[in-house]
$ cat structure-v7.cif   # mmCIF, all heavy atoms
data_model
loop_
_atom_site.label_atom_id
_atom_site.label_comp_id
_atom_site.auth_asym_id
_atom_site.auth_seq_id
_atom_site.Cartn_x
_atom_site.Cartn_y
_atom_site.Cartn_z
N MET A 1110 20.70 44.53 135.09
CA MET A 1110 19.80 45.54 135.60
C MET A 1110 19.38 46.47 134.47
O MET A 1110 20.21 46.91 133.68
CB MET A 1110 20.47 46.34 136.71
CG MET A 1110 19.70 47.57 137.08
SD MET A 1110 20.47 48.55 138.35
CE MET A 1110 19.95 47.59 139.74
N LYS A 1111 18.11 46.74 134.41
CA LYS A 1111 17.58 47.64 133.41
C LYS A 1111 17.91 49.08 133.79
O LYS A 1111 17.65 49.51 134.91
CB LYS A 1111 16.06 47.46 133.32
CG LYS A 1111 15.40 48.33 132.30
CD LYS A 1111 13.91 48.09 132.27
CE LYS A 1111 13.24 49.05 131.31
NZ LYS A 1111 11.79 48.94 131.38
N LYS A 1112 18.51 49.82 132.87
CA LYS A 1112 18.82 51.22 133.12
C LYS A 1112 17.58 52.05 132.81
O LYS A 1112 17.25 52.28 131.66
CB LYS A 1112 20.00 51.66 132.26
CG LYS A 1112 21.32 51.09 132.71
CD LYS A 1112 22.46 51.49 131.81
CE LYS A 1112 22.78 52.94 131.91
NZ LYS A 1112 23.99 53.31 131.16
N CYS A 1113 16.89 52.46 133.87
CA CYS A 1113 15.71 53.29 133.71
C CYS A 1113 15.71 54.36 134.82
O CYS A 1113 16.45 54.27 135.79
CB CYS A 1113 14.44 52.45 133.75
SG CYS A 1113 14.21 51.55 135.27
N CYS A 1114 14.87 55.36 134.66
CA CYS A 1114 14.84 56.47 135.61
C CYS A 1114 14.58 56.02 137.05
O CYS A 1114 15.16 56.57 137.98
CB CYS A 1114 13.77 57.48 135.19
SG CYS A 1114 14.20 58.39 133.70
N GLY A 1115 13.75 55.02 137.24
CA GLY A 1115 13.41 54.56 138.59
C GLY A 1115 14.59 53.96 139.35
O GLY A 1115 14.56 53.88 140.57
N ASN A 1116 15.66 53.56 138.65
CA ASN A 1116 16.86 53.00 139.27
C ASN A 1116 17.97 54.02 139.40
O ASN A 1116 19.10 53.68 139.72
CB ASN A 1116 17.39 51.83 138.45
CG ASN A 1116 16.44 50.67 138.46
OD1 ASN A 1116 15.69 50.47 139.39
ND2 ASN A 1116 16.47 49.89 137.39
N CYS A 1117 17.70 55.28 139.17
CA CYS A 1117 18.72 56.34 139.15
C CYS A 1117 18.70 57.14 140.45
O CYS A 1117 17.65 57.38 141.04
CB CYS A 1117 18.45 57.26 137.97
SG CYS A 1117 19.66 58.61 137.82
N ARG A 1118 19.88 57.56 140.89
CA ARG A 1118 20.01 58.40 142.10
C ARG A 1118 19.30 59.73 141.93
O ARG A 1118 18.88 60.34 142.91
CB ARG A 1118 21.47 58.72 142.38
CG ARG A 1118 22.28 57.58 142.83
CD ARG A 1118 23.66 58.08 143.16
NE ARG A 1118 24.58 56.96 143.17
CZ ARG A 1118 25.85 57.05 143.47
NH1 ARG A 1118 26.36 58.22 143.76
NH2 ARG A 1118 26.61 56.00 143.46
N GLN A 1119 19.19 60.22 140.72
CA GLN A 1119 18.64 61.54 140.47
C GLN A 1119 17.12 61.53 140.31
O GLN A 1119 16.51 62.59 140.16
CB GLN A 1119 19.31 62.14 139.25
CG GLN A 1119 20.81 62.21 139.47
CD GLN A 1119 21.52 63.01 138.42
OE1 GLN A 1119 21.17 64.15 138.18
NE2 GLN A 1119 22.51 62.41 137.79
N PHE A 1120 16.51 60.36 140.36
CA PHE A 1120 15.05 60.24 140.24
C PHE A 1120 14.40 60.68 141.55
O PHE A 1120 14.75 60.19 142.62
CB PHE A 1120 14.67 58.80 139.93
CG PHE A 1120 13.19 58.56 139.79
CD1 PHE A 1120 12.51 58.99 138.68
CD2 PHE A 1120 12.49 57.91 140.79
CE1 PHE A 1120 11.15 58.76 138.54
CE2 PHE A 1120 11.14 57.68 140.67
CZ PHE A 1120 10.47 58.10 139.54
N ILE A 1121 13.49 61.63 141.48
CA ILE A 1121 12.81 62.16 142.66
C ILE A 1121 11.34 61.80 142.59
O ILE A 1121 10.62 62.27 141.71
CB ILE A 1121 12.98 63.69 142.74
CG1 ILE A 1121 14.47 64.05 142.78
CG2 ILE A 1121 12.25 64.24 143.95
CD1 ILE A 1121 14.75 65.52 142.56
N ARG A 1122 10.90 60.96 143.53
CA ARG A 1122 9.49 60.57 143.59
C ARG A 1122 8.71 61.70 144.26
O ARG A 1122 9.02 62.11 145.36
CB ARG A 1122 9.35 59.28 144.39
CG ARG A 1122 7.96 58.79 144.61
CD ARG A 1122 7.29 58.25 143.38
NE ARG A 1122 7.92 57.02 142.94
CZ ARG A 1122 7.56 56.36 141.87
NH1 ARG A 1122 6.56 56.79 141.14
NH2 ARG A 1122 8.17 55.27 141.51
N SER A 1123 7.73 62.24 143.57
CA SER A 1123 6.94 63.36 144.09
C SER A 1123 5.65 62.84 144.70
O SER A 1123 4.82 62.29 144.00
CB SER A 1123 6.61 64.34 142.96
OG SER A 1123 7.77 64.84 142.38
N THR A 1124 5.51 63.02 146.01
CA THR A 1124 4.27 62.61 146.66
C THR A 1124 3.26 63.75 146.57
O THR A 1124 3.61 64.92 146.74
CB THR A 1124 4.52 62.26 148.14
OG1 THR A 1124 5.12 63.38 148.79
CG2 THR A 1124 5.42 61.06 148.28
N GLY A 1125 2.06 63.41 146.24
CA GLY A 1125 1.01 64.41 146.12
C GLY A 1125 1.02 65.19 144.82
O GLY A 1125 0.25 66.12 144.65
N LYS A 1126 1.91 64.85 143.92
CA LYS A 1126 1.98 65.52 142.62
C LYS A 1126 1.76 64.47 141.53
O LYS A 1126 2.11 63.31 141.71
CB LYS A 1126 3.33 66.20 142.43
CG LYS A 1126 3.56 67.33 143.40
CD LYS A 1126 4.87 68.01 143.13
CE LYS A 1126 5.11 69.12 144.14
NZ LYS A 1126 6.40 69.76 143.94
N PRO A 1127 1.24 64.87 140.39
CA PRO A 1127 0.95 63.90 139.32
C PRO A 1127 2.19 63.38 138.59
O PRO A 1127 2.10 62.39 137.89
CB PRO A 1127 0.04 64.67 138.38
CG PRO A 1127 0.37 66.10 138.62
CD PRO A 1127 0.76 66.20 140.07
N VAL A 1128 3.35 64.05 138.73
CA VAL A 1128 4.55 63.64 138.00
C VAL A 1128 5.74 63.48 138.93
O VAL A 1128 5.81 64.10 139.97
CB VAL A 1128 4.91 64.66 136.89
CG1 VAL A 1128 3.84 64.70 135.83
CG2 VAL A 1128 5.16 66.03 137.46
N ASP A 1129 6.70 62.66 138.52
CA ASP A 1129 7.98 62.53 139.20
C ASP A 1129 8.97 63.41 138.44
O ASP A 1129 8.72 63.82 137.31
CB ASP A 1129 8.44 61.07 139.18
CG ASP A 1129 7.47 60.17 139.93
OD1 ASP A 1129 6.99 60.58 140.99
OD2 ASP A 1129 7.18 59.08 139.43
N VAL A 1130 10.13 63.70 139.06
CA VAL A 1130 11.07 64.64 138.47
C VAL A 1130 12.46 64.03 138.36
O VAL A 1130 12.90 63.29 139.23
CB VAL A 1130 11.15 65.93 139.33
CG1 VAL A 1130 12.16 66.90 138.77
CG2 VAL A 1130 9.79 66.58 139.43
N CYS A 1131 13.16 64.37 137.28
CA CYS A 1131 14.56 64.01 137.13
C CYS A 1131 15.38 65.15 137.71
O CYS A 1131 15.28 66.29 137.27
CB CYS A 1131 14.92 63.82 135.66
SG CYS A 1131 16.69 63.57 135.41
N GLY A 1132 16.20 64.85 138.73
CA GLY A 1132 17.02 65.87 139.36
C GLY A 1132 18.13 66.38 138.46
O GLY A 1132 18.65 67.47 138.66
N ALA A 1133 18.54 65.62 137.47
CA ALA A 1133 19.62 66.01 136.57
C ALA A 1133 19.20 67.13 135.63
O ALA A 1133 19.95 68.08 135.40
CB ALA A 1133 20.11 64.82 135.76
N TRP A 1134 18.01 67.03 135.08
CA TRP A 1134 17.58 68.04 134.13
C TRP A 1134 16.29 68.74 134.52
O TRP A 1134 15.78 69.59 133.80
CB TRP A 1134 17.52 67.49 132.71
CG TRP A 1134 16.91 66.15 132.52
CD1 TRP A 1134 17.52 64.94 132.71
CD2 TRP A 1134 15.59 65.85 132.08
NE1 TRP A 1134 16.65 63.91 132.44
CE2 TRP A 1134 15.46 64.44 132.04
CE3 TRP A 1134 14.48 66.61 131.73
CZ2 TRP A 1134 14.29 63.80 131.66
CZ3 TRP A 1134 13.32 65.96 131.34
CH2 TRP A 1134 13.24 64.59 131.31
N GLY A 1135 15.72 68.42 135.69
CA GLY A 1135 14.60 69.16 136.26
C GLY A 1135 13.28 69.07 135.54
O GLY A 1135 12.42 69.92 135.73
N ASN A 1136 13.09 68.06 134.72
CA ASN A 1136 11.84 67.90 133.98
C ASN A 1136 11.07 66.68 134.46
O ASN A 1136 11.65 65.77 135.06
CB ASN A 1136 12.12 67.77 132.49
CG ASN A 1136 12.56 69.07 131.87
OD1 ASN A 1136 12.16 70.14 132.30
ND2 ASN A 1136 13.38 68.99 130.84
N PRO A 1137 9.77 66.63 134.19
CA PRO A 1137 8.97 65.47 134.56
C PRO A 1137 9.47 64.19 133.89
O PRO A 1137 9.99 64.23 132.77
CB PRO A 1137 7.57 65.82 134.05
CG PRO A 1137 7.57 67.28 133.86
CD PRO A 1137 8.98 67.66 133.54
N THR A 1138 9.32 63.06 134.58
CA THR A 1138 9.73 61.77 134.03
C THR A 1138 8.88 60.68 134.67
O THR A 1138 8.05 60.95 135.52
CB THR A 1138 11.24 61.52 134.27
OG1 THR A 1138 11.62 60.35 133.56
CG2 THR A 1138 11.56 61.36 135.74
N THR A 1139 9.10 59.45 134.26
CA THR A 1139 8.42 58.30 134.86
C THR A 1139 9.48 57.28 135.26
O THR A 1139 10.59 57.27 134.72
CB THR A 1139 7.44 57.64 133.87
OG1 THR A 1139 8.17 57.21 132.73
CG2 THR A 1139 6.35 58.61 133.46
N ALA A 1140 9.14 56.41 136.21
CA ALA A 1140 10.09 55.42 136.73
C ALA A 1140 10.55 54.43 135.66
O ALA A 1140 11.68 53.97 135.68
CB ALA A 1140 9.49 54.68 137.91
N ASP A 1141 9.69 54.13 134.69
CA ASP A 1141 10.06 53.12 133.68
C ASP A 1141 10.62 53.72 132.39
O ASP A 1141 10.87 53.00 131.43
CB ASP A 1141 8.87 52.23 133.37
CG ASP A 1141 7.67 53.00 132.86
OD1 ASP A 1141 7.67 54.24 132.92
OD2 ASP A 1141 6.71 52.36 132.41
N ARG A 1142 10.88 55.00 132.38
CA ARG A 1142 11.45 55.66 131.21
C ARG A 1142 12.91 55.21 131.01
O ARG A 1142 13.65 55.00 131.96
CB ARG A 1142 11.42 57.17 131.40
CG ARG A 1142 11.94 57.95 130.24
CD ARG A 1142 11.88 59.43 130.53
NE ARG A 1142 12.44 60.15 129.42
CZ ARG A 1142 12.00 61.31 129.00
NH1 ARG A 1142 11.00 61.90 129.62
NH2 ARG A 1142 12.56 61.91 128.00
N VAL A 1143 13.35 55.09 129.78
CA VAL A 1143 14.73 54.70 129.46
C VAL A 1143 15.68 55.76 130.01
O VAL A 1143 15.44 56.96 129.88
CB VAL A 1143 14.92 54.55 127.93
CG1 VAL A 1143 16.37 54.24 127.61
CG2 VAL A 1143 14.01 53.46 127.40
N ALA A 1144 16.77 55.31 130.63
CA ALA A 1144 17.72 56.22 131.28
C ALA A 1144 18.45 57.11 130.28
O ALA A 1144 18.72 56.72 129.15
CB ALA A 1144 18.73 55.42 132.07
N CYS A 1145 18.80 58.31 130.75
CA CYS A 1145 19.57 59.25 129.94
C CYS A 1145 21.06 59.10 130.25
O CYS A 1145 21.47 58.24 131.02
CB CYS A 1145 19.10 60.68 130.21
SG CYS A 1145 19.51 61.29 131.86
N ASP A 1146 21.89 60.00 129.70
CA ASP A 1146 23.34 59.94 129.91
C ASP A 1146 23.75 60.33 131.33
O ASP A 1146 24.89 60.12 131.71
CB ASP A 1146 24.05 60.86 128.91
CG ASP A 1146 23.96 60.34 127.49
OD1 ASP A 1146 23.78 59.11 127.32
OD2 ASP A 1146 24.05 61.15 126.56
N PHE A 1147 22.84 60.90 132.10
CA PHE A 1147 23.15 61.30 133.48
C PHE A 1147 22.83 60.19 134.48
O PHE A 1147 22.94 60.39 135.68
CB PHE A 1147 22.36 62.56 133.86
CG PHE A 1147 22.75 63.76 133.06
CD1 PHE A 1147 21.92 64.25 132.07
CD2 PHE A 1147 23.96 64.41 133.28
CE1 PHE A 1147 22.28 65.37 131.33
CE2 PHE A 1147 24.32 65.52 132.55
CZ PHE A 1147 23.47 66.00 131.56
N TRP A 1148 22.44 59.02 134.02
CA TRP A 1148 22.02 57.92 134.88
C TRP A 1148 23.14 57.47 135.81
O TRP A 1148 24.28 57.28 135.40
CB TRP A 1148 21.57 56.74 134.03
CG TRP A 1148 21.02 55.59 134.83
CD1 TRP A 1148 19.74 55.45 135.25
CD2 TRP A 1148 21.71 54.43 135.27
NE1 TRP A 1148 19.60 54.27 135.93
CE2 TRP A 1148 20.80 53.62 135.96
CE3 TRP A 1148 23.02 53.98 135.16
CZ2 TRP A 1148 21.14 52.41 136.54
CZ3 TRP A 1148 23.37 52.78 135.73
CH2 TRP A 1148 22.43 52.00 136.41
N MET A 1149 22.79 57.33 137.12
CA MET A 1149 23.71 56.80 138.13
C MET A 1149 22.93 55.78 138.95
O MET A 1149 21.81 56.06 139.38
CB MET A 1149 24.22 57.90 139.05
CG MET A 1149 25.11 58.90 138.37
SD MET A 1149 25.82 60.08 139.52
CE MET A 1149 24.40 61.04 139.98
N LEU A 1150 23.54 54.63 139.21
CA LEU A 1150 22.88 53.57 139.95
C LEU A 1150 22.46 54.04 141.34
O LEU A 1150 23.23 54.66 142.06
CB LEU A 1150 23.80 52.37 140.10
CG LEU A 1150 23.25 51.19 140.89
CD1 LEU A 1150 22.03 50.59 140.20
CD2 LEU A 1150 24.33 50.13 141.06
N LEU A 1151 21.23 53.76 141.70
CA LEU A 1151 20.72 54.05 143.02
C LEU A 1151 21.29 53.03 144.00
O LEU A 1151 21.09 51.84 143.83
CB LEU A 1151 19.19 53.98 143.02
CG LEU A 1151 18.50 54.19 144.35
CD1 LEU A 1151 18.72 55.61 144.84
CD2 LEU A 1151 17.01 53.92 144.21
N VAL A 1152 22.02 53.49 145.00
CA VAL A 1152 22.63 52.61 145.99
C VAL A 1152 21.73 52.61 147.23
O VAL A 1152 21.45 53.66 147.79
CB VAL A 1152 24.05 53.08 146.36
CG1 VAL A 1152 24.65 52.19 147.42
CG2 VAL A 1152 24.93 53.09 145.13
N LYS A 1153 21.28 51.43 147.60
CA LYS A 1153 20.38 51.29 148.74
C LYS A 1153 21.17 51.29 150.06
O LYS A 1153 22.39 51.17 150.06
CB LYS A 1153 19.59 49.99 148.64
CG LYS A 1153 18.77 49.88 147.38
CD LYS A 1153 17.62 50.82 147.40
CE LYS A 1153 16.77 50.62 146.15
NZ LYS A 1153 15.60 51.43 146.14
N LYS A 1154 20.47 51.37 151.19
CA LYS A 1154 21.10 51.31 152.51
C LYS A 1154 21.76 49.96 152.72
O LYS A 1154 21.36 48.97 152.13
CB LYS A 1154 20.05 51.55 153.59
CG LYS A 1154 19.46 52.93 153.56
CD LYS A 1154 18.41 53.08 154.64
CE LYS A 1154 17.76 54.44 154.57
NZ LYS A 1154 16.70 54.59 155.56
N LYS A 1155 22.75 49.91 153.61
CA LYS A 1155 23.48 48.67 153.86
C LYS A 1155 22.57 47.52 154.28
O LYS A 1155 22.78 46.39 153.88
CB LYS A 1155 24.52 48.87 154.95
CG LYS A 1155 25.79 49.48 154.47
CD LYS A 1155 26.80 49.45 155.59
CE LYS A 1155 28.15 49.88 155.09
NZ LYS A 1155 29.16 49.78 156.13
N ASN A 1156 21.58 47.78 155.09
CA ASN A 1156 20.71 46.72 155.60
C ASN A 1156 19.64 46.30 154.61
O ASN A 1156 18.92 45.35 154.86
CB ASN A 1156 20.07 47.15 156.91
CG ASN A 1156 21.11 47.33 158.00
OD1 ASN A 1156 22.17 46.73 157.96
ND2 ASN A 1156 20.80 48.17 158.96
N ASP A 1157 19.53 46.99 153.51
CA ASP A 1157 18.54 46.66 152.48
C ASP A 1157 19.04 45.45 151.69
O ASP A 1157 20.15 45.43 151.21
CB ASP A 1157 18.35 47.85 151.55
CG ASP A 1157 17.15 47.70 150.64
OD1 ASP A 1157 16.78 46.56 150.31
OD2 ASP A 1157 16.59 48.73 150.25
N GLU A 1158 18.22 44.42 151.57
CA GLU A 1158 18.65 43.20 150.89
C GLU A 1158 18.92 43.41 149.40
O GLU A 1158 19.55 42.60 148.75
CB GLU A 1158 17.61 42.10 151.07
CG GLU A 1158 16.26 42.42 150.46
CD GLU A 1158 15.21 41.40 150.82
OE1 GLU A 1158 15.18 40.94 151.96
OE2 GLU A 1158 14.42 41.06 149.92
N ARG A 1159 18.47 44.55 148.84
CA ARG A 1159 18.70 44.84 147.43
C ARG A 1159 20.01 45.58 147.19
O ARG A 1159 20.32 45.99 146.09
CB ARG A 1159 17.54 45.68 146.89
CG ARG A 1159 16.23 44.90 146.88
CD ARG A 1159 15.11 45.81 146.49
NE ARG A 1159 14.87 46.73 147.60
CZ ARG A 1159 14.02 47.75 147.57
NH1 ARG A 1159 13.32 47.97 146.50
NH2 ARG A 1159 13.87 48.52 148.60
N THR A 1160 20.82 45.79 148.22
CA THR A 1160 22.06 46.53 148.10
C THR A 1160 23.00 45.87 147.08
O THR A 1160 23.22 44.68 147.11
CB THR A 1160 22.79 46.62 149.46
OG1 THR A 1160 21.93 47.26 150.39
CG2 THR A 1160 24.09 47.41 149.34
N LYS A 1161 23.54 46.66 146.20
CA LYS A 1161 24.45 46.16 145.18
C LYS A 1161 25.91 46.37 145.56
O LYS A 1161 26.78 45.64 145.16
CB LYS A 1161 24.18 46.85 143.84
CG LYS A 1161 22.78 46.62 143.30
CD LYS A 1161 22.58 45.17 142.95
CE LYS A 1161 21.17 44.95 142.43
NZ LYS A 1161 20.81 43.58 142.32
N TYR A 1162 26.20 47.42 146.35
CA TYR A 1162 27.57 47.73 146.71
C TYR A 1162 27.65 47.98 148.21
O TYR A 1162 26.74 48.49 148.83
CB TYR A 1162 28.05 49.00 145.99
CG TYR A 1162 28.00 48.88 144.50
CD1 TYR A 1162 26.96 49.43 143.77
CD2 TYR A 1162 28.98 48.18 143.82
CE1 TYR A 1162 26.89 49.30 142.41
CE2 TYR A 1162 28.93 48.05 142.45
CZ TYR A 1162 27.89 48.62 141.76
OH TYR A 1162 27.84 48.48 140.40
N ASN A 1163 28.78 47.63 148.80
CA ASN A 1163 29.02 47.88 150.22
C ASN A 1163 30.16 48.89 150.36
O ASN A 1163 31.02 49.00 149.50
CB ASN A 1163 29.45 46.59 150.96
CG ASN A 1163 28.26 45.73 151.30
OD1 ASN A 1163 27.17 46.24 151.50
ND2 ASN A 1163 28.47 44.44 151.34
N ASP A 1164 30.15 49.65 151.46
CA ASP A 1164 31.20 50.61 151.72
C ASP A 1164 32.42 49.97 152.36
O ASP A 1164 33.40 50.62 152.63
CB ASP A 1164 30.67 51.72 152.64
CG ASP A 1164 29.57 52.53 151.96
OD1 ASP A 1164 29.56 52.60 150.73
OD2 ASP A 1164 28.75 53.08 152.69
N ASN A 1165 32.36 48.67 152.66
CA ASN A 1165 33.45 47.99 153.37
C ASN A 1165 34.66 47.83 152.50
O ASN A 1165 34.80 47.39 151.51
CB ASN A 1165 33.00 46.63 153.87
CG ASN A 1165 31.89 46.77 154.88
OD1 ASN A 1165 31.76 47.83 155.50
ND2 ASN A 1165 31.09 45.74 155.05
#
$ encode --input "structure-v7.cif" --output "structure tokens"
Amino acid sequence: MKKCCGNCRQFIRSTGKPVDVCGAWGNPTTADRVACDFWMLLVKKKNDERTKYNDN
């Protein structure tokens, strides 16, 4: 898996705004930007076929 902002839990997609935001450092970012040291894997819902981890 490519470590980029779009795969991070802290990535906030802004609707109606021209930029997305990194929740870790509060600055504008893009989904395909190389991940920083605060990167954490985005865990999808259990029923999502892209789920990487289960709570079971």
$ residues_around --input "structure-v7.cif" --residues "Lys1112 in chain A" --least-positions-apart "3" --cutoff "5 Å" --atoms "all heavy atoms" --output "number ranges by chain"
A: 1116, 1142-1144, 1148
$ resolve_selection --input "structure-v7.cif" --expression "the PyMOL selection byres (((chain A and resi 1128-1139 and name CA) around 12) and name CA)" --output "count of residues only"
25
$ atom_distance --input "structure-v7.cif" --atom1 "atom N of Lys1111 in chain A" --atom2 "atom N of Val1152 in chain A"
13.2 Å
$ atom_distance --input "structure-v7.cif" --atom1 "CA of Leu1150 in chain A" --atom2 "SD of Met1110 in chain A"
5.8 Å
$ select_by_dssp --input "structure-v7.cif" --residues "range 1112-1154 of chain A" --states "strand (DSSP E)" --output "count of residues only"
7
